[in-house]
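Containing compact mmCIF, C-alpha atoms: final-v4.txt.
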```txt
# COMPACT_ATOMS: atom_id res chain seq x y z
CA MET A 1 -194.77 -41.37 -170.79
CA ARG A 2 -197.84 -39.42 -171.79
CA SER A 3 -199.59 -42.58 -172.97
CA ILE A 4 -199.16 -44.17 -169.50
CA GLU A 5 -200.62 -40.99 -167.97
CA CYS A 6 -203.64 -41.19 -170.27
CA TYR A 7 -204.06 -44.88 -169.46
CA PHE A 8 -204.14 -44.22 -165.71
CA ARG A 9 -206.29 -41.10 -165.99
CA LYS A 10 -208.93 -43.31 -167.54
CA LYS A 11 -208.42 -46.29 -165.20
CA LEU A 12 -208.31 -44.14 -162.04
CA LYS A 13 -211.11 -41.85 -163.24
CA ASN A 14 -208.86 -38.88 -162.46
CA SER A 15 -208.27 -36.53 -165.39
CA ARG A 16 -205.50 -34.81 -163.42
CA PHE A 17 -203.31 -37.85 -162.80
CA ILE A 18 -199.74 -36.99 -163.80
CA VAL A 19 -196.31 -38.57 -164.03
CA ILE A 20 -193.45 -36.22 -163.16
CA CYS A 21 -189.76 -36.86 -163.83
CA GLU A 22 -187.71 -34.73 -161.48
CA PRO A 23 -183.93 -34.38 -161.70
CA TYR A 24 -182.37 -34.45 -158.26
CA SER A 25 -178.91 -33.08 -157.54
CA ASN A 26 -178.47 -34.27 -153.94
CA PHE A 27 -177.84 -37.95 -154.63
CA VAL A 28 -174.90 -39.34 -152.67
CA ASP A 29 -172.54 -42.20 -153.48
CA GLY A 30 -174.15 -45.57 -152.85
CA GLN A 31 -177.67 -44.19 -153.26
CA LYS A 32 -180.02 -45.44 -155.98
CA GLN A 33 -179.70 -43.69 -159.32
CA ALA A 34 -183.46 -43.17 -159.41
CA SER A 35 -186.45 -43.68 -157.14
CA ALA A 36 -190.13 -42.93 -157.24
CA ASP A 37 -193.16 -42.16 -155.11
CA TYR A 38 -196.74 -43.13 -155.92
CA TYR A 39 -199.29 -40.74 -154.47
CA GLN A 40 -202.29 -43.03 -154.52
CA GLY A 41 -204.53 -42.18 -157.46
CA ARG A 42 -203.07 -38.67 -157.88
CA LYS A 43 -199.54 -38.70 -159.24
CA PHE A 44 -196.32 -40.60 -159.66
CA VAL A 45 -193.01 -38.78 -159.22
CA ILE A 46 -189.73 -40.22 -160.50
CA TYR A 47 -186.58 -38.72 -159.01
CA HIS A 48 -183.33 -39.31 -160.85
CA ARG A 49 -179.72 -38.22 -160.79
CA GLU A 50 -179.49 -35.15 -162.97
CA ASP A 51 -176.17 -36.27 -164.46
CA LEU A 52 -177.31 -39.66 -165.83
CA PRO A 53 -176.54 -40.25 -169.52
CA GLU A 54 -179.76 -40.22 -171.58
CA LYS A 55 -179.65 -43.91 -172.45
CA ASP A 56 -179.26 -44.87 -168.75
CA LEU A 57 -181.94 -42.39 -167.73
CA ARG A 58 -184.41 -44.02 -170.13
CA VAL A 59 -183.70 -47.43 -168.53
CA TYR A 60 -184.22 -46.09 -165.01
CA ILE A 61 -187.43 -44.29 -165.97
CA ALA A 62 -188.79 -47.40 -167.72
CA HIS A 63 -188.07 -49.43 -164.57
CA GLU A 64 -189.76 -46.87 -162.29
CA VAL A 65 -192.79 -46.64 -164.61
CA GLY A 66 -192.99 -50.43 -164.25
CA HIS A 67 -193.45 -49.87 -160.50
CA LEU A 68 -196.20 -47.32 -161.22
CA PHE A 69 -197.99 -49.71 -163.53
CA LEU A 70 -197.93 -52.53 -160.99
CA LEU A 71 -198.80 -50.39 -157.95
CA ALA A 72 -201.63 -48.55 -159.68
CA GLU A 73 -203.08 -51.75 -161.14
CA LEU A 74 -203.00 -53.36 -157.68
CA ASP A 75 -204.61 -50.24 -156.22
CA ILE A 76 -207.36 -50.19 -158.86
CA SER A 77 -208.12 -53.89 -158.46
CA LYS A 78 -208.73 -53.71 -154.68
CA LYS A 79 -212.24 -54.85 -153.90
CA ASP A 80 -212.35 -52.84 -150.67
CA LYS A 81 -211.07 -49.30 -151.32
CA ARG A 82 -210.49 -48.81 -147.59
CA GLN A 83 -207.81 -51.49 -147.75
CA LYS A 84 -204.27 -50.14 -147.35
CA MET A 85 -201.94 -49.62 -150.28
CA TYR A 86 -199.92 -52.65 -151.41
CA THR A 87 -196.59 -52.66 -149.54
CA GLY A 88 -194.93 -55.76 -151.01
CA THR A 89 -192.22 -55.77 -153.62
CA THR A 90 -192.81 -55.12 -157.30
CA GLU A 91 -189.32 -56.36 -158.20
CA PRO A 92 -188.38 -57.90 -160.64
CA LEU A 93 -191.67 -57.33 -162.51
CA SER A 94 -190.91 -53.62 -162.83
CA SER A 95 -187.72 -54.49 -164.71
CA ILE A 96 -189.59 -56.88 -167.00
CA PHE A 97 -192.01 -54.04 -167.81
CA GLY A 98 -188.99 -51.78 -168.43
CA VAL A 99 -187.27 -54.28 -170.73
CA LEU A 100 -190.41 -54.54 -172.86
CA ALA A 101 -190.85 -50.76 -172.95
CA ILE A 102 -187.22 -50.13 -173.90
CA SER A 103 -187.25 -52.82 -176.60
CA GLU A 104 -190.32 -51.24 -178.17
CA LYS A 105 -188.78 -47.75 -178.09
CA SER A 106 -185.49 -49.12 -179.43
CA ASP A 107 -187.35 -50.50 -182.46
CA PHE A 108 -189.03 -47.12 -182.89
CA TYR A 109 -185.69 -45.28 -182.82
CA ASP A 110 -184.14 -47.78 -185.25
CA ASN A 111 -186.71 -46.71 -187.81
CA TYR A 112 -185.59 -43.10 -187.43
CA ASP A 113 -181.85 -43.87 -187.33
CA VAL A 114 -181.37 -42.41 -183.87
CA THR A 115 -178.56 -44.79 -182.96
CA ASP A 116 -177.63 -43.21 -179.64
CA ARG A 117 -181.08 -44.09 -178.29
CA SER A 118 -181.45 -47.60 -179.68
CA TYR A 119 -179.97 -50.95 -178.71
CA GLU A 120 -178.54 -53.35 -181.26
CA THR A 121 -179.44 -56.55 -179.40
CA TRP A 122 -181.71 -57.87 -176.68
CA GLN A 123 -178.60 -58.70 -174.67
CA GLU A 124 -177.67 -55.01 -174.63
CA ILE A 125 -181.09 -54.17 -173.20
CA LEU A 126 -180.90 -56.92 -170.59
CA ASP A 127 -177.38 -55.85 -169.60
CA SER A 128 -178.69 -52.32 -168.97
CA PHE A 129 -181.31 -53.65 -166.56
CA ILE A 130 -178.78 -55.91 -164.85
CA ARG A 131 -176.56 -52.85 -164.30
CA LEU A 132 -179.60 -51.03 -162.92
CA GLN A 133 -180.12 -53.78 -160.33
CA ASN A 134 -176.43 -53.75 -159.41
CA ASN A 135 -176.45 -49.96 -158.93
CA ARG A 136 -179.40 -49.96 -156.52
```
Is it possible to give me this structure as structure tokens?
Amino acid sequence: MRSIECYFRKKLKNSRFIVICEPYSNFVDGQKQASADYYQGRKFVIYHREDLPEKDLRVYIAHEVGHLFLLAELDISKKDKRQKMYTGTTEPLSSIFGVLAISEKSDFYDNYDVTDRSYETWQEILDSFIRLQNNR
């Protein structure tokens, strides 16, 4: 997470850019398990159910960071800075970003024998993101 902050601090030329993960206790049945807000060039806040298991939480955060990456890159690449923020969808690209991030972290955890944080197969990772889409 901190590496994505550093990346966008440099790209946005804002040394105070921050990513915040905020547990939220007022989620209701049928509501997304996590959501996020991008405050153009300033911060990105990820809200998530506070009772999510850690492995699921990591998948949701990776997906939401995928949205940040896409939105911020689109924002940075605007030729006319007066142009409004991108309002189209960043699905399913945010999940593709998340799958790649989780697979990399899973390999990292495998090297440290932290089995409750790693996935044994690619299919397991993909199934997690399919469940994420079904729970939205």
Go ahead and compute the interatomic distance for CA of Asp80 (chain A) and CA of Lys43 (chain A), in Å to one decimal. 20.9 Å
A:Ile4, A:Leu126, A:Phe97, A:Asp51: which is nearest Ser25 (chain A), counting all atoms listed in the file? A:Asp51
Would you list the contacts of region 8-23 of chain A as a VMD selection string, taking every protein, DNA or RNA residue within 7 Å and counting all atoms listed in the file, but skipping same-chain residues closer than 4 positions in sequence? chain A and resid 4 41 to 50 76
Quick one: of A:Ala62, A:Leu57, A:Val28, A:Ala34, who's nearest to Gly98 (chain A), counting only C-alpha atoms?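 Comparing A:Ala62, A:Leu57, A:Val28, A:Ala34 against Gly98 (chain A), the winner is A:Ala62.
For the atom pair formed by CA of Phe129 (chain A) and CA of Thr87 (chain A), the distance is 22.9 Å, given to one decimal.
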CA of Gly88 (chain A) to CA of Phe27 (chain A), distance in Å rounded to a single decimal: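 Between CA of Gly88 (chain A) and CA of Phe27 (chain A) the gap is 24.9 Å.
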Which residue out of A:Glu104, A:Lys78, A:Gln133, A:Tyr119 has the minimum interatomic distance to Glu91 (chain A) when all atoms listed in the file are used?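 Residue with the minimum atom-to-atom distance to Glu91 (chain A): A:Gln133.
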Which is closer to Asp56 (chain A) than all the others in A:Leu71, A:Leu93, A:Gln83, A:Gln33, using all atoms listed in the file? A:Gln33
Since the input lacks some atoms of region 34-70 of chain A, please model N, CA and C atoms and print them as a PDB file, in the coordinates of the input.
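File result_30.pdb, as written:
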```pdb
ATOM      1  N   ALA A  34    -182.110 -43.704-159.219  1.00  0.00           N
ATOM      2  CA  ALA A  34    -183.460 -43.170-159.410  1.00  0.00           C
ATOM      3  C   ALA A  34    -184.375 -43.833-158.376  1.00  0.00           C
ATOM      4  N   SER A  35    -185.429 -43.133-158.037  1.00  0.00           N
ATOM      5  CA  SER A  35    -186.450 -43.680-157.140  1.00  0.00           C
ATOM      6  C   SER A  35    -187.765 -43.008-157.488  1.00  0.00           C
ATOM      7  N   ALA A  36    -188.829 -43.488-156.892  1.00  0.00           N
ATOM      8  CA  ALA A  36    -190.130 -42.930-157.240  1.00  0.00           C
ATOM      9  C   ALA A  36    -191.085 -43.015-156.057  1.00  0.00           C
ATOM     10  N   ASP A  37    -192.085 -42.159-156.101  1.00  0.00           N
ATOM     11  CA  ASP A  37    -193.160 -42.160-155.110  1.00  0.00           C
ATOM     12  C   ASP A  37    -194.491 -42.191-155.848  1.00  0.00           C
ATOM     13  N   TYR A  38    -195.385 -43.062-155.386  1.00  0.00           N
ATOM     14  CA  TYR A  38    -196.740 -43.130-155.920  1.00  0.00           C
ATOM     15  C   TYR A  38    -197.669 -42.492-154.914  1.00  0.00           C
ATOM     16  N   TYR A  39    -198.313 -41.417-155.305  1.00  0.00           N
ATOM     17  CA  TYR A  39    -199.290 -40.740-154.470  1.00  0.00           C
ATOM     18  C   TYR A  39    -200.648 -41.263-154.932  1.00  0.00           C
ATOM     19  N   GLN A  40    -201.141 -42.200-154.182  1.00  0.00           N
ATOM     20  CA  GLN A  40    -202.290 -43.030-154.520  1.00  0.00           C
ATOM     21  C   GLN A  40    -203.370 -42.294-155.318  1.00  0.00           C
ATOM     22  N   GLY A  41    -203.491 -42.696-156.591  1.00  0.00           N
ATOM     23  CA  GLY A  41    -204.530 -42.180-157.460  1.00  0.00           C
ATOM     24  C   GLY A  41    -204.336 -40.762-157.949  1.00  0.00           C
ATOM     25  N   ARG A  42    -203.242 -40.083-157.519  1.00  0.00           N
ATOM     26  CA  ARG A  42    -203.070 -38.670-157.880  1.00  0.00           C
ATOM     27  C   ARG A  42    -201.889 -38.421-158.796  1.00  0.00           C
ATOM     28  N   LYS A  43    -200.724 -38.951-158.423  1.00  0.00           N
ATOM     29  CA  LYS A  43    -199.540 -38.700-159.240  1.00  0.00           C
ATOM     30  C   LYS A  43    -198.447 -39.710-158.921  1.00  0.00           C
ATOM     31  N   PHE A  44    -197.478 -39.740-159.808  1.00  0.00           N
ATOM     32  CA  PHE A  44    -196.320 -40.600-159.660  1.00  0.00           C
ATOM     33  C   PHE A  44    -195.113 -39.738-159.980  1.00  0.00           C
ATOM     34  N   VAL A  45    -194.176 -39.631-159.041  1.00  0.00           N
ATOM     35  CA  VAL A  45    -193.010 -38.780-159.220  1.00  0.00           C
ATOM     36  C   VAL A  45    -191.759 -39.658-159.270  1.00  0.00           C
ATOM     37  N   ILE A  46    -190.985 -39.499-160.343  1.00  0.00           N
ATOM     38  CA  ILE A  46    -189.730 -40.220-160.500  1.00  0.00           C
ATOM     39  C   ILE A  46    -188.598 -39.233-160.266  1.00  0.00           C
ATOM     40  N   TYR A  47    -187.765 -39.532-159.293  1.00  0.00           N
ATOM     41  CA  TYR A  47    -186.580 -38.720-159.010  1.00  0.00           C
ATOM     42  C   TYR A  47    -185.377 -39.430-159.596  1.00  0.00           C
ATOM     43  N   HIS A  48    -184.507 -38.690-160.249  1.00  0.00           N
ATOM     44  CA  HIS A  48    -183.330 -39.310-160.850  1.00  0.00           C
ATOM     45  C   HIS A  48    -182.132 -38.392-160.754  1.00  0.00           C
ATOM     46  N   ARG A  49    -180.957 -39.007-160.767  1.00  0.00           N
ATOM     47  CA  ARG A  49    -179.720 -38.220-160.790  1.00  0.00           C
ATOM     48  C   ARG A  49    -179.759 -37.324-162.013  1.00  0.00           C
ATOM     49  N   GLU A  50    -179.423 -36.066-161.833  1.00  0.00           N
ATOM     50  CA  GLU A  50    -179.490 -35.150-162.970  1.00  0.00           C
ATOM     51  C   GLU A  50    -178.354 -35.350-163.967  1.00  0.00           C
ATOM     52  N   ASP A  51    -177.320 -36.089-163.577  1.00  0.00           N
ATOM     53  CA  ASP A  51    -176.170 -36.270-164.460  1.00  0.00           C
ATOM     54  C   ASP A  51    -176.152 -37.629-165.165  1.00  0.00           C
ATOM     55  N   LEU A  52    -177.262 -38.356-165.149  1.00  0.00           N
ATOM     56  CA  LEU A  52    -177.310 -39.660-165.830  1.00  0.00           C
ATOM     57  C   LEU A  52    -177.277 -39.463-167.347  1.00  0.00           C
ATOM     58  N   PRO A  53    -176.494 -40.292-168.055  1.00  0.00           N
ATOM     59  CA  PRO A  53    -176.540 -40.250-169.520  1.00  0.00           C
ATOM     60  C   PRO A  53    -177.962 -40.602-169.993  1.00  0.00           C
ATOM     61  N   GLU A  54    -178.388 -40.044-171.119  1.00  0.00           N
ATOM     62  CA  GLU A  54    -179.760 -40.220-171.580  1.00  0.00           C
ATOM     63  C   GLU A  54    -180.171 -41.683-171.714  1.00  0.00           C
ATOM     64  N   LYS A  55    -179.302 -42.501-172.255  1.00  0.00           N
ATOM     65  CA  LYS A  55    -179.650 -43.910-172.450  1.00  0.00           C
ATOM     66  C   LYS A  55    -179.890 -44.601-171.105  1.00  0.00           C
ATOM     67  N   ASP A  56    -179.055 -44.313-170.100  1.00  0.00           N
ATOM     68  CA  ASP A  56    -179.260 -44.870-168.750  1.00  0.00           C
ATOM     69  C   ASP A  56    -180.521 -44.311-168.120  1.00  0.00           C
ATOM     70  N   LEU A  57    -180.756 -43.026-168.295  1.00  0.00           N
ATOM     71  CA  LEU A  57    -181.940 -42.390-167.730  1.00  0.00           C
ATOM     72  C   LEU A  57    -183.211 -43.063-168.257  1.00  0.00           C
ATOM     73  N   ARG A  58    -183.245 -43.363-169.537  1.00  0.00           N
ATOM     74  CA  ARG A  58    -184.410 -44.020-170.130  1.00  0.00           C
ATOM     75  C   ARG A  58    -184.647 -45.385-169.486  1.00  0.00           C
ATOM     76  N   VAL A  59    -183.572 -46.121-169.185  1.00  0.00           N
ATOM     77  CA  VAL A  59    -183.700 -47.430-168.530  1.00  0.00           C
ATOM     78  C   VAL A  59    -184.268 -47.258-167.119  1.00  0.00           C
ATOM     79  N   TYR A  60    -183.734 -46.311-166.372  1.00  0.00           N
ATOM     80  CA  TYR A  60    -184.220 -46.090-165.010  1.00  0.00           C
ATOM     81  C   TYR A  60    -185.681 -45.637-165.010  1.00  0.00           C
ATOM     82  N   ILE A  61    -186.040 -44.749-165.913  1.00  0.00           N
ATOM     83  CA  ILE A  61    -187.430 -44.290-165.970  1.00  0.00           C
ATOM     84  C   ILE A  61    -188.360 -45.435-166.359  1.00  0.00           C
ATOM     85  N   ALA A  62    -187.964 -46.257-167.323  1.00  0.00           N
ATOM     86  CA  ALA A  62    -188.790 -47.400-167.720  1.00  0.00           C
ATOM     87  C   ALA A  62    -189.011 -48.351-166.536  1.00  0.00           C
ATOM     88  N   HIS A  63    -187.969 -48.572-165.757  1.00  0.00           N
ATOM     89  CA  HIS A  63    -188.070 -49.430-164.570  1.00  0.00           C
ATOM     90  C   HIS A  63    -189.040 -48.813-163.553  1.00  0.00           C
ATOM     91  N   GLU A  64    -188.889 -47.530-163.283  1.00  0.00           N
ATOM     92  CA  GLU A  64    -189.760 -46.870-162.290  1.00  0.00           C
ATOM     93  C   GLU A  64    -191.208 -46.815-162.778  1.00  0.00           C
ATOM     94  N   VAL A  65    -191.421 -46.617-164.074  1.00  0.00           N
ATOM     95  CA  VAL A  65    -192.790 -46.640-164.610  1.00  0.00           C
ATOM     96  C   VAL A  65    -193.377 -48.042-164.456  1.00  0.00           C
ATOM     97  N   GLY A  66    -192.521 -49.063-164.527  1.00  0.00           N
ATOM     98  CA  GLY A  66    -192.990 -50.430-164.250  1.00  0.00           C
ATOM     99  C   GLY A  66    -193.559 -50.544-162.844  1.00  0.00           C
ATOM    100  N   HIS A  67    -192.903 -49.895-161.869  1.00  0.00           N
ATOM    101  CA  HIS A  67    -193.450 -49.870-160.500  1.00  0.00           C
ATOM    102  C   HIS A  67    -194.809 -49.184-160.485  1.00  0.00           C
ATOM    103  N   LEU A  68    -194.919 -48.035-161.163  1.00  0.00           N
ATOM    104  CA  LEU A  68    -196.200 -47.320-161.220  1.00  0.00           C
ATOM    105  C   LEU A  68    -197.280 -48.229-161.774  1.00  0.00           C
ATOM    106  N   PHE A  69    -196.992 -48.857-162.892  1.00  0.00           N
ATOM    107  CA  PHE A  69    -197.990 -49.710-163.530  1.00  0.00           C
ATOM    108  C   PHE A  69    -198.479 -50.779-162.571  1.00  0.00           C
ATOM    109  N   LEU A  70    -197.552 -51.448-161.913  1.00  0.00           N
ATOM    110  CA  LEU A  70    -197.930 -52.530-160.990  1.00  0.00           C
ATOM    111  C   LEU A  70    -198.668 -52.002-159.766  1.00  0.00           C
TER     112      LEU A  70
END
```
